[in-house]
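J.: For reference, the file target25.cif (mmCIF, C-alpha atoms) is included below:
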```cif
data_run
loop_
_atom_site.group_PDB
_atom_site.id
_atom_site.type_symbol
_atom_site.label_atom_id
_atom_site.label_comp_id
_atom_site.auth_asym_id
_atom_site.auth_seq_id
_atom_site.Cartn_x
_atom_site.Cartn_y
_atom_site.Cartn_z
ATOM 1 C CA GLY A 7 -10.709 -32.224 23.326
ATOM 2 C CA PRO A 8 -11.201 -29.520 25.928
ATOM 3 C CA ALA A 9 -10.155 -30.387 29.462
ATOM 4 C CA GLU A 10 -10.000 -28.802 32.880
ATOM 5 C CA GLN A 11 -6.668 -28.695 34.698
ATOM 6 C CA SER A 12 -6.882 -32.298 35.972
ATOM 7 C CA GLY A 13 -7.636 -33.682 32.504
ATOM 8 C CA ARG A 14 -5.033 -31.819 30.462
ATOM 9 C CA GLY A 15 -2.193 -33.498 28.675
ATOM 10 C CA PRO A 16 -1.885 -36.867 27.033
ATOM 11 C CA HIS A 17 -4.102 -39.807 27.947
ATOM 12 C CA PRO A 18 -2.594 -43.131 26.852
ATOM 13 C CA GLU A 19 -4.511 -45.880 25.158
ATOM 14 C CA GLY A 20 -6.540 -47.771 27.721
ATOM 15 C CA THR A 21 -7.415 -44.715 29.828
ATOM 16 C CA ARG A 22 -10.906 -45.065 31.193
ATOM 17 C CA GLY A 23 -13.707 -42.537 31.374
ATOM 18 C CA SER A 24 -17.259 -42.451 32.624
ATOM 19 C CA PHE A 25 -20.580 -40.733 32.115
ATOM 20 C CA ARG A 26 -21.690 -41.438 35.691
ATOM 21 C CA GLY A 27 -21.206 -37.775 36.621
ATOM 22 C CA PHE A 28 -23.952 -37.002 34.102
ATOM 23 C CA GLY A 29 -26.328 -39.647 35.485
ATOM 24 C CA VAL A 30 -25.557 -42.283 32.835
ATOM 25 C CA ASP A 31 -24.318 -45.675 34.010
ATOM 26 C CA LEU A 32 -21.715 -46.034 31.259
ATOM 27 C CA ASP A 33 -17.959 -46.485 31.343
ATOM 28 C CA VAL A 34 -15.670 -46.167 28.317
ATOM 29 C CA ARG A 35 -12.060 -46.895 27.523
ATOM 30 C CA LEU A 36 -9.775 -45.154 25.046
ATOM 31 C CA GLY A 37 -8.875 -47.900 22.601
ATOM 32 C CA GLY A 38 -10.220 -51.343 21.843
ATOM 33 C CA ASP A 39 -10.016 -54.609 23.750
ATOM 34 C CA GLY A 40 -6.654 -56.227 24.232
ATOM 35 C CA HIS A 41 -4.712 -52.980 24.565
ATOM 36 C CA GLU A 42 -2.586 -52.199 27.572
ATOM 37 C CA ASP A 43 -4.492 -50.334 30.243
ATOM 38 C CA GLY A 44 -2.209 -47.287 30.298
ATOM 39 C CA GLY A 45 -4.829 -45.090 31.895
ATOM 40 C CA ALA A 46 -5.127 -47.295 34.961
ATOM 41 C CA ALA A 47 -1.402 -46.980 35.533
ATOM 42 C CA SER A 48 -1.594 -43.180 35.428
ATOM 43 C CA GLY A 49 -4.575 -43.072 37.797
ATOM 44 C CA ARG A 50 -6.205 -40.420 35.598
ATOM 45 C CA GLU A 51 -9.650 -40.498 34.063
ATOM 46 C CA LEU A 52 -10.629 -39.124 30.668
ATOM 47 C CA PRO A 53 -12.169 -35.644 30.746
ATOM 48 C CA PRO A 54 -15.767 -35.566 29.436
ATOM 49 C CA SER A 55 -14.767 -34.483 25.912
ATOM 50 C CA LEU A 56 -12.400 -37.434 25.565
ATOM 51 C CA ALA A 57 -14.918 -39.822 27.132
ATOM 52 C CA VAL A 58 -17.309 -38.841 24.326
ATOM 53 C CA ALA A 59 -14.504 -39.374 21.792
ATOM 54 C CA ALA A 60 -13.742 -42.816 23.270
ATOM 55 C CA TRP A 61 -17.440 -43.688 23.057
ATOM 56 C CA LEU A 62 -17.586 -42.575 19.413
ATOM 57 C CA LEU A 63 -14.456 -44.547 18.503
ATOM 58 C CA GLU A 64 -15.819 -47.616 20.272
ATOM 59 C CA ARG A 65 -19.094 -47.377 18.318
ATOM 60 C CA THR A 66 -17.192 -47.259 15.020
ATOM 61 C CA GLY A 67 -15.034 -50.227 15.964
ATOM 62 C CA TRP A 68 -11.866 -48.170 15.501
ATOM 63 C CA SER A 69 -8.936 -50.406 16.403
ATOM 64 C CA ASP A 70 -6.689 -50.166 13.357
ATOM 65 C CA ALA A 71 -4.078 -47.895 14.885
ATOM 66 C CA PRO A 72 -2.695 -46.746 18.226
ATOM 67 C CA ILE A 73 -4.875 -44.203 20.008
ATOM 68 C CA GLU A 74 -3.926 -41.402 22.353
ATOM 69 C CA GLY A 75 -6.151 -38.721 23.831
ATOM 70 C CA LEU A 76 -5.040 -35.144 24.355
ATOM 71 C CA GLY A 77 -6.827 -32.865 26.788
ATOM 72 C CA VAL A 78 -6.326 -29.227 25.789
ATOM 73 C CA GLY A 79 -6.875 -26.423 28.276
ATOM 74 C CA GLU A 80 -9.074 -23.532 27.186
ATOM 75 C CA PRO A 81 -6.495 -20.876 28.149
ATOM 76 C CA LEU A 82 -3.753 -22.393 25.976
ATOM 77 C CA GLU A 83 -2.460 -19.664 23.656
ATOM 78 C CA ALA A 84 -3.158 -20.021 19.931
ATOM 79 C CA GLU A 85 0.496 -20.449 18.946
ATOM 80 C CA ARG A 86 0.981 -23.245 21.483
ATOM 81 C CA CYS A 87 -2.163 -24.966 20.190
ATOM 82 C CA ILE A 88 -0.930 -24.669 16.606
ATOM 83 C CA GLN A 89 2.529 -25.973 17.569
ATOM 84 C CA THR A 90 0.933 -28.889 19.405
ATOM 85 C CA GLY A 91 -0.898 -29.821 16.198
ATOM 86 C CA ARG A 92 2.358 -29.636 14.244
ATOM 87 C CA ASP A 93 4.043 -31.857 16.839
ATOM 88 C CA ILE A 94 1.249 -34.441 16.622
ATOM 89 C CA VAL A 95 1.569 -34.908 12.860
ATOM 90 C CA ALA A 96 5.377 -35.010 13.056
ATOM 91 C CA GLN A 97 5.127 -38.245 15.078
ATOM 92 C CA ALA A 98 3.912 -40.494 12.239
ATOM 93 C CA ASP A 99 3.506 -40.662 8.476
ATOM 94 C CA ARG A 100 -0.279 -40.861 8.800
ATOM 95 C CA VAL A 101 -2.396 -39.375 11.561
ATOM 96 C CA ALA A 102 -6.161 -39.263 12.047
ATOM 97 C CA LEU A 103 -7.664 -36.764 14.473
ATOM 98 C CA LEU A 104 -11.040 -36.793 16.170
ATOM 99 C CA VAL A 105 -11.335 -33.236 17.478
ATOM 100 C CA MET A 106 -13.893 -32.508 20.176
ATOM 101 C CA GLY A 107 -15.174 -29.107 21.292
ATOM 102 C CA ASP A 108 -18.361 -27.079 21.478
ATOM 103 C CA ALA A 109 -19.064 -23.762 19.821
ATOM 104 C CA SER A 110 -20.592 -20.961 21.918
ATOM 105 C CA ALA A 111 -22.869 -21.600 24.888
ATOM 106 C CA CYS A 112 -24.585 -18.205 24.618
ATOM 107 C CA ARG A 113 -27.070 -18.562 21.778
ATOM 108 C CA THR A 114 -30.342 -18.159 23.736
ATOM 109 C CA LEU A 115 -31.678 -16.678 26.964
ATOM 110 C CA LYS A 116 -31.747 -20.152 28.545
ATOM 111 C CA ALA A 117 -28.252 -21.107 27.339
ATOM 112 C CA PRO A 118 -25.623 -21.939 29.977
ATOM 113 C CA GLY A 119 -23.953 -18.575 29.265
ATOM 114 C CA TYR A 120 -27.148 -16.585 28.661
ATOM 115 C CA LEU A 121 -27.762 -14.747 25.375
ATOM 116 C CA ASP A 122 -24.838 -12.926 23.806
ATOM 117 C CA GLU A 123 -25.443 -11.330 20.407
ATOM 118 C CA ARG A 124 -21.865 -12.163 19.363
ATOM 119 C CA ALA A 125 -22.457 -15.914 19.714
ATOM 120 C CA ALA A 126 -24.321 -16.622 16.460
ATOM 121 C CA PRO A 127 -21.800 -14.766 14.247
ATOM 122 C CA PHE A 128 -18.898 -16.462 16.058
ATOM 123 C CA ASP A 129 -20.475 -19.891 15.544
ATOM 124 C CA ALA A 130 -21.251 -19.101 11.902
ATOM 125 C CA GLU A 131 -17.591 -18.262 11.234
ATOM 126 C CA VAL A 132 -16.416 -21.429 12.992
ATOM 127 C CA ALA A 133 -18.945 -23.488 11.013
ATOM 128 C CA ARG A 134 -17.754 -21.907 7.779
ATOM 129 C CA ALA A 135 -14.085 -22.527 8.664
ATOM 130 C CA LEU A 136 -14.670 -26.131 9.690
ATOM 131 C CA GLY A 137 -16.835 -26.800 6.641
ATOM 132 C CA ALA A 138 -14.197 -25.360 4.315
ATOM 133 C CA ALA A 139 -11.162 -26.830 6.140
ATOM 134 C CA ASP A 140 -9.982 -23.223 6.459
ATOM 135 C CA VAL A 141 -6.816 -23.626 8.526
ATOM 136 C CA ALA A 142 -5.979 -19.905 8.417
ATOM 137 C CA ALA A 143 -9.383 -18.907 9.838
ATOM 138 C CA LEU A 144 -9.118 -21.400 12.705
ATOM 139 C CA LYS A 145 -5.631 -20.175 13.578
ATOM 140 C CA VAL A 146 -6.869 -16.625 14.174
ATOM 141 C CA LEU A 147 -9.950 -17.403 16.264
ATOM 142 C CA ASP A 148 -10.165 -14.842 19.045
ATOM 143 C CA ALA A 149 -9.307 -16.668 22.290
ATOM 144 C CA GLU A 150 -10.816 -13.971 24.521
ATOM 145 C CA LEU A 151 -14.076 -13.871 22.581
ATOM 146 C CA ALA A 152 -14.242 -17.683 22.586
ATOM 147 C CA TYR A 153 -13.776 -17.628 26.366
ATOM 148 C CA GLU A 154 -16.470 -14.986 26.844
ATOM 149 C CA LEU A 155 -18.867 -17.029 24.680
ATOM 150 C CA LYS A 156 -17.980 -20.265 26.516
ATOM 151 C CA ALA A 157 -16.800 -21.896 23.263
ATOM 152 C CA SER A 158 -14.750 -24.839 24.514
ATOM 153 C CA GLY A 159 -13.652 -25.837 21.014
ATOM 154 C CA ARG A 160 -11.325 -22.925 20.245
ATOM 155 C CA ALA A 161 -8.102 -24.523 21.532
ATOM 156 C CA PRO A 162 -8.769 -27.998 20.032
ATOM 157 C CA TRP A 163 -9.709 -26.406 16.694
ATOM 158 C CA GLN A 164 -6.409 -24.533 16.710
ATOM 159 C CA VAL A 165 -4.560 -27.812 17.420
ATOM 160 C CA LEU A 166 -6.364 -29.164 14.340
ATOM 161 C CA ALA A 167 -5.260 -26.117 12.343
ATOM 162 C CA GLY A 168 -1.619 -26.756 13.236
ATOM 163 C CA ALA A 169 -1.924 -30.423 12.370
ATOM 164 C CA ALA A 170 -3.550 -29.697 9.013
ATOM 165 C CA GLU A 171 -1.076 -27.067 7.791
ATOM 166 C CA GLY A 172 -0.021 -27.762 4.234
ATOM 167 C CA ALA A 173 -2.140 -30.916 3.964
ATOM 168 C CA ASP A 174 -4.491 -29.327 1.398
ATOM 169 C CA LEU A 175 -7.562 -30.938 2.925
ATOM 170 C CA GLY A 176 -11.147 -30.413 1.888
ATOM 171 C CA GLY A 177 -13.945 -30.066 4.400
ATOM 172 C CA ALA A 178 -17.649 -30.700 4.690
ATOM 173 C CA LEU A 179 -19.990 -29.370 7.357
ATOM 174 C CA LEU A 180 -22.350 -32.223 8.279
ATOM 175 C CA TYR A 181 -24.301 -30.682 11.152
ATOM 176 C CA GLU A 182 -24.861 -27.259 12.670
ATOM 177 C CA ASP A 183 -27.442 -26.410 15.317
ATOM 178 C CA ALA A 184 -27.767 -24.870 18.765
ATOM 179 C CA PRO A 185 -30.030 -27.023 20.928
ATOM 180 C CA TYR A 186 -30.119 -25.782 24.512
ATOM 181 C CA GLY A 187 -28.462 -22.582 23.284
ATOM 182 C CA VAL A 188 -25.107 -24.305 22.705
ATOM 183 C CA GLY A 189 -23.559 -24.430 19.236
ATOM 184 C CA TYR A 190 -22.830 -27.949 18.021
ATOM 185 C CA LEU A 191 -20.981 -28.597 14.786
ATOM 186 C CA VAL A 192 -19.877 -31.748 12.983
ATOM 187 C CA ALA A 193 -17.454 -31.550 10.096
ATOM 188 C CA THR A 194 -15.131 -33.902 8.257
ATOM 189 C CA TRP A 195 -11.795 -33.131 6.655
ATOM 190 C CA SER A 196 -9.979 -35.361 4.218
#
```
Write the structure described by the file as structure tokens, please.

T.:
Amino acid sequence: GPAEQSGRGPHPEGTRGSFRGFGVDLDVRLGGDGHEDGGAASGRELPPSLAVAAWLLERTGWSDAPIEGLGVGEPLEAERCIQTGRDIVAQADRVALLVMGDASACRTLKAPGYLDERAAPFDAEVARALGAADVAALKVLDAELAYELKASGRAPWQVLAGAAEGADLGGALLYEDAPYGVGYLVATWS
């Protein structure tokens, strides 16, 4: 998921996160009960995107495999993102990814980034690519345009593209909307 400078890089299983900064009295932990508290040893906290991922994994009861979080910085170049994805899948025979990231934040006048006419077409192309598991389209997302549109998902989606190369996956777009002027998408690949 997207991360600011302090949240970039790997977050081991057991790393803790919180929603207290958003006014919600809720703490989360990356990985299920009984796992080593690797995050406490590092002294780092999950960035918000990975705290949401930890919360989602906890709600599903995911505990069948080791878990590691990866905070990806928005400025990371496309080729480095793609190579990171390749490196992730080279570590094991089977890998599951939960990729976090928002589409544009410029869809309406009241959006965090104000209205930008380029936002809806950008989000539509991302939605199409995610829904079709179109690795090639994700690889060529325009980093500068994504930055201008405040789309925090560009770098994580390009990590996904690198990880999915040659896997011949199919996709399905499950949700697409822009409440609060921010594009939110949910897709599955298998």

J.: Might you spell out which residues the PyMOL selection byres ((chain A and resi 176) around 10) would select in the displayed file, as a PyMOL selection string?

T.: chain A and resi 136-140+173-175+177-178+194-196

J.: With all atoms listed in the file as the basis for distance, which of A:Arg50, A:Lys116, A:Lys145, A:Arg65 is at the shortest distance from Val188 of chain A?

T.: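 Of all the options, A:Lys116 lies closest to Val188 of chain A.
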
J.: Need to verify the contact set: Glu123 of chain A, 10 Å, all atoms listed in the file, exclusion of same-chain residues closer than 2 positions in sequence. Can you return it as a PDB file with C-alpha atoms, in the coordinates of the input?

T.:
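Final file, result28.pdb:
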```pdb
ATOM      1  CA  CYS A 112     -24.585 -18.205  24.618  1.00  0.00           C
ATOM      2  CA  ARG A 113     -27.070 -18.562  21.778  1.00  0.00           C
ATOM      3  CA  THR A 114     -30.342 -18.159  23.736  1.00  0.00           C
ATOM      4  CA  TYR A 120     -27.148 -16.585  28.661  1.00  0.00           C
ATOM      5  CA  LEU A 121     -27.762 -14.747  25.375  1.00  0.00           C
ATOM      6  CA  ALA A 125     -22.457 -15.914  19.714  1.00  0.00           C
ATOM      7  CA  ALA A 126     -24.321 -16.622  16.460  1.00  0.00           C
ATOM      8  CA  PRO A 127     -21.800 -14.766  14.247  1.00  0.00           C
ATOM      9  CA  PHE A 128     -18.898 -16.462  16.058  1.00  0.00           C
ATOM     10  CA  LEU A 155     -18.867 -17.029  24.680  1.00  0.00           C
TER      11      LEU A 155
END
```

J.: Starting from the displayed file, determine the output of the PyMOL selection byres ((chain A and resi 73) around 9) and express the residue list as a list in words.

T.: Pro18, Glu19, Gly20, Leu36, Gly37, Ser69, Ala71, Pro72, Glu74 and Gly75 of chain A

J.: Please return, as a list in words, all polymer residues that have at least one atom within 10 Å of the point (-15.2, -50.5, 20.8); use all atoms listed in the file and the file's own coordinate frame.

T.: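 Using all atoms listed in the file, the matching residues come out as Val34, Arg35, Leu36, Gly37, Gly38, Asp39, Ala60, Trp61, Leu62, Leu63, Glu64, Arg65, Thr66, Gly67, Trp68 and Ser69 of chain A.
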
J.: Got time to write the residues from that selection, C-alpha atoms, as a PDB file, in the frame of the given file?

T.:
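Below you can see out.pdb, which holds the result:
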```pdb
ATOM      1  CA  VAL A  34     -15.670 -46.167  28.317  1.00  0.00           C
ATOM      2  CA  ARG A  35     -12.060 -46.895  27.523  1.00  0.00           C
ATOM      3  CA  LEU A  36      -9.775 -45.154  25.046  1.00  0.00           C
ATOM      4  CA  GLY A  37      -8.875 -47.900  22.601  1.00  0.00           C
ATOM      5  CA  GLY A  38     -10.220 -51.343  21.843  1.00  0.00           C
ATOM      6  CA  ASP A  39     -10.016 -54.609  23.750  1.00  0.00           C
ATOM      7  CA  ALA A  60     -13.742 -42.816  23.270  1.00  0.00           C
ATOM      8  CA  TRP A  61     -17.440 -43.688  23.057  1.00  0.00           C
ATOM      9  CA  LEU A  62     -17.586 -42.575  19.413  1.00  0.00           C
ATOM     10  CA  LEU A  63     -14.456 -44.547  18.503  1.00  0.00           C
ATOM     11  CA  GLU A  64     -15.819 -47.616  20.272  1.00  0.00           C
ATOM     12  CA  ARG A  65     -19.094 -47.377  18.318  1.00  0.00           C
ATOM     13  CA  THR A  66     -17.192 -47.259  15.020  1.00  0.00           C
ATOM     14  CA  GLY A  67     -15.034 -50.227  15.964  1.00  0.00           C
ATOM     15  CA  TRP A  68     -11.866 -48.170  15.501  1.00  0.00           C
ATOM     16  CA  SER A  69      -8.936 -50.406  16.403  1.00  0.00           C
TER      17      SER A  69
END
```

J.: Rank A:Val78, A:Ala152, A:Ala109, A:Leu144 by their smallest atom-to-atom distance to Tyr190 of chain A, using all atoms listed in the file, and report the top residue only.

T.: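 Between A:Val78, A:Ala152, A:Ala109, A:Leu144, the residue approaching Tyr190 of chain A most closely is A:Ala109.
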
J.: Closest to Leu166 of chain A among A:Glu154, A:Glu131, A:Asp93, A:Glu51, using all atoms listed in the file?

T.: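 Residue with the minimum atom-to-atom distance to Leu166 of chain A: A:Asp93.
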
J.: Please compute the atom CA of Ala96 of chain A-atom CA of Gly77 of chain A distance, one decimal, in Å.

T.: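 Calculated distance between atom CA of Ala96 of chain A and atom CA of Gly77 of chain A is 18.5 Å.
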
J.: Using only C-alpha atoms, which residue out of A:Asp70, A:Asp122, A:Glu80, A:Asp129 lies closest to Val101 of chain A?

T.: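 Result for the nearest residue to Val101 of chain A: A:Asp70.
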
J.: Rank A:Ala133, A:Val141, A:Leu191, A:Leu52 by their smallest atom-to-atom distance to Glu171 of chain A, using all atoms listed in the file, and report the top residue only.

T.: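 Closest to Glu171 of chain A of all the choices is A:Val141.
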
J.: Going by the chain IDs and residue numbers used in this file, which residues fall under the PyMOL selection byres ((chain A and resi 160) around 10)? Write them as a count of residues only.

T.: 35

J.: From the options A:Gly119, A:Gly29, A:Pro185, A:Gly168, which residue's atoms come nearest to Arg86 of chain A, counting only C-alpha atoms?

T.: A:Gly168

J.: So what do you get for atom CA of Ala143 of chain A versus atom CA of Leu115 of chain A, distance-wise?

T.: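 The value is 28.2 Å.
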
J.: Atom CA of Leu76 of chain A and atom CA of Gly15 of chain A are how many Å apart?

T.: 5.4 Å
